[in-house]
Each structure stands twice: as structure tokens, then as C-alpha cells.
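Reading through the C-alpha cells given below for one structure.
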Amino acid sequence: MSTTTETVPGGATTQVTRRRRAPLSEGAKAERRLGFLLIAPAVVVMVAVTAYPVGYAIWLSLQRYNLELPNAVKFVGFSNYGAVLSSPYWWQALWITVLITIVSVSITLVLGMLLALVMHRTLFGRGTIRTSALIPYGIVTVAAAYGWQYAWTPGQGYLSALFNNSAPLTSQYKAIAVIILAEIWKTTPFMGLLLLAGLSLVPEDLQKAAMVDGATAWQRFFRITVPLMKPAILVAVLFRTLDSFRIFDNIFILTGGNNGTESVSILGWDNLFNALNLGIGSTISILIFICVVIIAAVFIKGFGTAAPGTDIGKR
Amino acid sequence: MAAVTTTPRQKVSWGTINTVVVALALIPVLWMVSLSFKTPGAILDPSFIPASWTWGNYTQILSTSTFIRPLINSIGIGLIATFISVVLASMAAYAVARLRFPGKALLIGMALLIAMFPIIALVTPLFAIERALGLFNTWPGLIIPYVAFGLPLGIYTLSAFFREIPWELEKAAKVDGATPFQAFVKVIAPLAAPGMVTTAILVFLACWNEFLMAISFTSTIAARTAPASLAYLSGSSQFTVPTGPIAAAAVVITIPIIIFVVFFQRRIVAGLTSGAVKG
């Protein structure tokens, strides 16, 4: 608490300096100083843990660097990138990641919308529904993943028993389906809550007016609700897409990346902790980072998603 | 709403829909609870209700340091990282919500980028850095990155909350003769507290849930957290797959989440959606 106490004098000065003037007044300068001072610790931590390591990863990705051969460290330019980009493992992992992302985000969007509508419209039990929906959101992914793994183990799990003692985790696309199922269960509530926030912004009057004009429920949903919710939908989908692209926990527990279920994150981890190859591991890290930047850019430029929070500065 | 009065039919259909939603959310959790109470013999029976019940799995995991120590690590690392994140994020969010200074959009953009950052991209370089600095397999080795990833969430949520606070009240209190300190403690702090509690819950849940860094930056139970320890419980026994103990451990680490969710449902929903609507 003591940290915030110091801000009180600064808070008082803002009242005086709200008017904009060309040369900075003493008050405005003090406000700037206080602003920088207050954000400094947060910025330092975030830069130290992210920006600096990313720079270091770029440097590592240009080296031949295997922890088992510490004396053979050598600058090799872009040859690690050549090695990764010409490896079928990378493209396989990228394809699996993209597949999981597209399928799970699409289904989550539909189910999340249904969940949001239920939470918004239900006549009773609103609190109970929200509380139960928050449990998959809050649960430790790894704990839930073990539950799914056992549920699909033949002779042991209720889901496997339900489907004729099948062992889906032992074949590639069935295992991916189970991974996607675990992802959907875990992330639908988050999607639902973000969409619920968007739903509550759709004015009830507009719905009523459309109903009076004879619009059906489908028409009202697709012509009024969805267009008005577009910003909320895009932000939720962007969040979910980027989050799904880095999928690790569920795959790690469910299949360990076996049977062709490796995602790019699992591939990077394997190269670091099983192959002990810092050079290749860093190269994969940088390539994943580039993919994420491309996805974000496509959303922001292509779909016109306002980068969430970018308008905060203007407020 | 569709109709002003509710017919019995509507009640039945909403009752059905609500039940389906609650069942879909809870069945996988109940399955884990069921597994955790099954005796080693009953584990190999796929029925949902245990044929024979036992507390054995719980007594087993709660009597070994393989799980207890990671549980303590999880609580300690989570609480410390949450505390630091919320303090630093409050300072930054206050500046974002209340002060005029250049670079605000840059700060928010950076926070957002970090929130969505592919963690694996940091694991390789941070692993190398932590080994060089002696932070590998220590509490600070996890606390520092957890703070860095808690900060964007904290700044984002708190600046949304702080923007809603009627700051004129502070001035009014001063006009009424309160000192700046009194104005802060008696007027502003109570208004800011709910947002800070909500943020703390969200950050703690994120730390509690984190797995990738937890398995990458630890090597022994000195710093390994509870979710990471589950993966090691599975490898510990050579003769049987320790399904029961893992299920019990999974239930134990789920309990705090259920408590948070049941008691703070409204706050968590408000916190998760605060930034998103305005974005």
C-alpha cells in the first residue's frame, strides 16, 4: 500500500495540469516524472524477462550450440534456420498446431457463443451456471489433462468404455481429436465470458424493435447481435487463437507428442530438454515468435480488430 | 426478453439447458474425484462410481515430500509472485488511468504483446540465462518470470478498474479537511480494493496453473511446483501406473480453484471481462 500513497500528491497536481499548453508547466513535468517513475518497475521486469531473452534467443539461434558439446559452440549464421525450415518435423508440428488451433478455436467460438447466450438469457440459476463455467477455466490444465487421459484409457476410462473400449490416444488423428476436446472443454468458458461482455452491450431496444418488425430469432441474431458484437468477437478470437497456437500442457500430458501429435511448442521443448540443443531450440523459438506476430498482424490489419487496449491511451 | 411472463414450459426448457451446461462443466472434474477415491483394484473398472472407496490415494500423496514440497512451493511462489505483480501493476495502472505522460500506448501494447507471448520462445533463452545466474531450480527463478507474465494481466485489469473510480471524491475529502493520506486511506483505498483483490485472484490462478516454465526451470522438489510434480508422480512407480495418486493430487490442486470460483464468481467474471469490453 505504501507505494500507492506516494502517488497522492501527483494525483492532486493532475487537477491543475489538465489543460494542455505548448511548453510544459512545472506541474506537467512533475506529472510526467511521476508517470515514468510509477511504470518504471513494471517495465523493467517485463523487458528483463521478455525483450532481453528474445534478443539473446536471436543470438543463440545463430550459433551451433549443443549443451553436450560445450566446446563446439560456433557462429553459424542462418544455417540453423535452414536446418529447421528444411526439416519435415518442423512442418509436421506447424501443420498439427495450425490444425488444432483452427478446429478448436472455431468450435470454441460456436460453443462459447451458445454459452454466452445461455448465461445472458437464462431465467434462473445464472450464478450457478457462471460458477460451474469458471471451473474449467480455472482448473489446472495439467490436472484436467490427466483426467482426459485416464478417461480415454481402455479398460480404465468411462469415455473409452462408452466408445467400445477404443484407445484414441494411440493413433494420430484420434489423439488430436482428444487433444482438441480437452482444449475446447478448458477454453469455452473464457470465450463465453468475453462474448457475454459483448452481448451485454447490445441494446435490448434494438432487439425489441426488430421483433416488432417481424424479424425471426435467427435474423435478429445474425443481423443485429453479431454485427454489434463484432469487436468483442474479434478480440476473443484473437486471444484464443494466439493462446491455442502455443498449446503445450494438454499435448505434453495426453500424448507426450508421440504418434505425430507434436505442436511447435512441444518440438521446441524437445530440442531443448531432450536434444539439449540451444541453437536449434532458439531457432524454433524465434520461428514461433514470428508466426505469432504474423497471426496478430493478420487479425489487426485483415479483420480490423482494434488491438485490445490500444484506445486506452486516448481515453 | 422474449416474454414478460415465464411459462412452465420455458422453465422446463431452461432447466434442461442449464443442467446440460453444468453437467458438461463438471463431469470431467467429478471423474477425477471418482478416480482419486478408487482402490487400486477398482481403478481398472471404467465405471464412473467407484466399486470400492478408499482414502488411500490421498494419504499416500500427502505423506510424501514428492507432492507436499511442490505444493508448498506452488503456494509460496504463487503468493509472492501475485503480491509483487499486484503492487507493481497498481503503480503502473494508476499512472495509465490518471496521469498524462507520453508512451502510455506503448506500455499497453507491450503488456498485450507479453500476455500473448509464446512462452516456449522464452523458455530456451531464459533456461540459459537462469543457469548462468544461478536462478535455475530456485523460487526466484520462477517468481521473476511469473511476475513478468502477471504484470500485463494486472496492468490491463487494474487500469480498467481504476478508470471507474470517482477520483473527485479524493478532492472532496480534502476540501472537507482530510489530509492527503486520510483521503487516500479512507476514500480511495476502499474503492480500489475490490479491483486489486480481483486482479490478485486472476494472477494467482495464472501462476497456480502454469506448467511449461515450471517443468523447464526446475529439476528437483526444491522449486518444482504442484502441476509439474504430477508429471513426476507418473514416472515414479515402475510397476503400476499410479493413476489413483495422480488423480488425488489433481483433486488437491483443484480445491483452491473451486474455493476461489465459488466465493469470487462475480469478481472473476468482472475481472476477466473488464478489459475486453473496452478494447
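Following the order of the C-alpha cells, chains are lettered A, B, ..., residues in each are numbered from 1, and ligands are numbered from 1.
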Applying 8 Å and only C-alpha atoms, which residues near region 189-193 of chain B remain after dropping the ones on its own chain fewer than 6 positions away? List them as number ranges by chain.
B: 161-162, 165
List as a Markdown table every residue of chain B that is in contact with chain A, defined as an atom at most 6 Å from one of its atoms (using only C-alpha atoms), together with the nearest atom pair and the distance in Å rounded to one decimal, sorted by chain and then rising number.
```
| residue | atom | partner | partner_atom | distance |
| --- | --- | --- | --- | --- |
| B:Val22 | CA | A:Ser132 | CA | 5.8 |
| B:Ala25 | CA | A:Ala133 | CA | 5.9 |
| B:Met32 | CA | A:Gly147 | CA | 5.5 |
| B:Leu44 | CA | A:Gln156 | CA | 4.8 |
| B:Asp45 | CA | A:Gln156 | CA | 5.5 |
| B:Pro46 | CA | A:Gln156 | CA | 4.4 |
| B:Ser47 | CA | A:Tyr158 | CA | 5.9 |
| B:Leu88 | CA | A:Ala42 | CA | 5.6 |
| B:Met91 | CA | A:Leu38 | CA | 5.1 |
| B:Ala92 | CA | A:Ile39 | CA | 4.3 |
| B:Ala95 | CA | A:Gly35 | CA | 5.1 |
| B:Phe101 | CA | A:Arg32 | CA | 4.8 |
| B:Lys104 | CA | A:Gly313 | CA | 5.6 |
| B:Ala105 | CA | A:Gly313 | CA | 5.1 |
| B:Pro118 | CA | A:Arg246 | CA | 5.5 |
| B:Ile120 | CA | A:Ser265 | CA | 5.7 |
| B:Ala121 | CA | A:Ser285 | CA | 3.9 |
| B:Thr124 | CA | A:Ser282 | CA | 5.9 |
| B:Pro125 | CA | A:Ala57 | CA | 5.3 |
| B:Ala148 | CA | A:Met46 | CA | 4.9 |
| B:Asn209 | CA | A:Val140 | CA | 4.6 |
| B:Ala250 | CA | A:Ala143 | CA | 4.8 |
| B:Thr254 | CA | A:Ile139 | CA | 6.0 |
| B:Gln265 | CA | A:Thr131 | CA | 5.7 |
| B:Thr273 | CA | A:Leu194 | CA | 5.7 |
| B:Gly279 | CA | A:Pro308 | CA | 4.1 |
```
inquiry  = So that I can check the secondary structure, give me every residue of region 211-289 of chain A assigned helix (DSSP H, G or I) by backbone DSSP, as a PyMOL selection string.
reply    = chain A and resi 211-212+217-245+249-254+264-273+278-289
- Which of these, B:Val87, B:Val123, B:Ala172, B:Met196, has the shortest distance to Asp270 (chain A) once you count only C-alpha atoms?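 Ranked by minimum distance to Asp270 (chain A), first place goes to B:Val123.
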TODO: Can you pull out every residue within 10 Å of Ile43 (chain B), counting only C-alpha atoms, but drop anything in the same chain fewer than 6 positions away, and send it as an MDAnalysis selection string?
DONE: (chainID A and resid 150 155:157) or (chainID B and resid 34:37 50:52 242:244)
Just the selected residues (C-alpha atoms), exported as an mmCIF file, in the first residue's frame, please.
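Below is the file that was written, again_26.cif:
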```
data_model
loop_
_atom_site.group_PDB
_atom_site.id
_atom_site.type_symbol
_atom_site.label_atom_id
_atom_site.label_comp_id
_atom_site.auth_asym_id
_atom_site.auth_seq_id
_atom_site.Cartn_x
_atom_site.Cartn_y
_atom_site.Cartn_z
ATOM 1 C CA TYR A 150 -7.463 -41.743 -17.945
ATOM 2 C CA GLY A 155 -10.174 -50.813 -19.539
ATOM 3 C CA GLN A 156 -9.912 -47.849 -17.201
ATOM 4 C CA GLY A 157 -11.791 -44.876 -18.562
ATOM 5 C CA SER B 34 -14.081 -40.603 -8.576
ATOM 6 C CA LEU B 35 -10.679 -41.899 -9.735
ATOM 7 C CA SER B 36 -8.997 -40.420 -6.680
ATOM 8 C CA PHE B 37 -11.226 -42.476 -4.375
ATOM 9 C CA PRO B 50 -16.016 -46.376 -7.630
ATOM 10 C CA ALA B 51 -16.831 -50.006 -6.866
ATOM 11 C CA SER B 52 -14.798 -49.746 -3.659
ATOM 12 C CA PRO B 242 -0.049 -44.517 -10.270
ATOM 13 C CA THR B 243 -3.406 -43.380 -11.568
ATOM 14 C CA GLY B 244 -5.016 -43.090 -8.129
#
```
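Closest approach to Ala116 (chain A) among A:Met191, A:Ile96, A:Ala167, A:Leu254: A:Met191, based on only C-alpha atoms.
Atom to atom, CA of Pro227 (chain B) and CA of Phe264 (chain B) stand 22.7 Å apart.
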Shortest contact to Leu135 (chain B), candidates B:Ala222, B:Leu26, B:Ile259, B:Val252, atoms counted only C-alpha atoms, goes to B:Ala222
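CA of Ile180 (chain A) to CA of Gly150 (chain B) spans 26.5 Å [interatomic distance, one decimal].
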Select from region 68-103 of chain A everything DSSP, run on the backbone, classes as strand (DSSP E or B), then give the selection as a VMD selection string. chain A and resid 69 to 75
Correct to one decimal, the distance CA of Val29 (chain B)-CA of Pro245 (chain B) is 15.4 Å
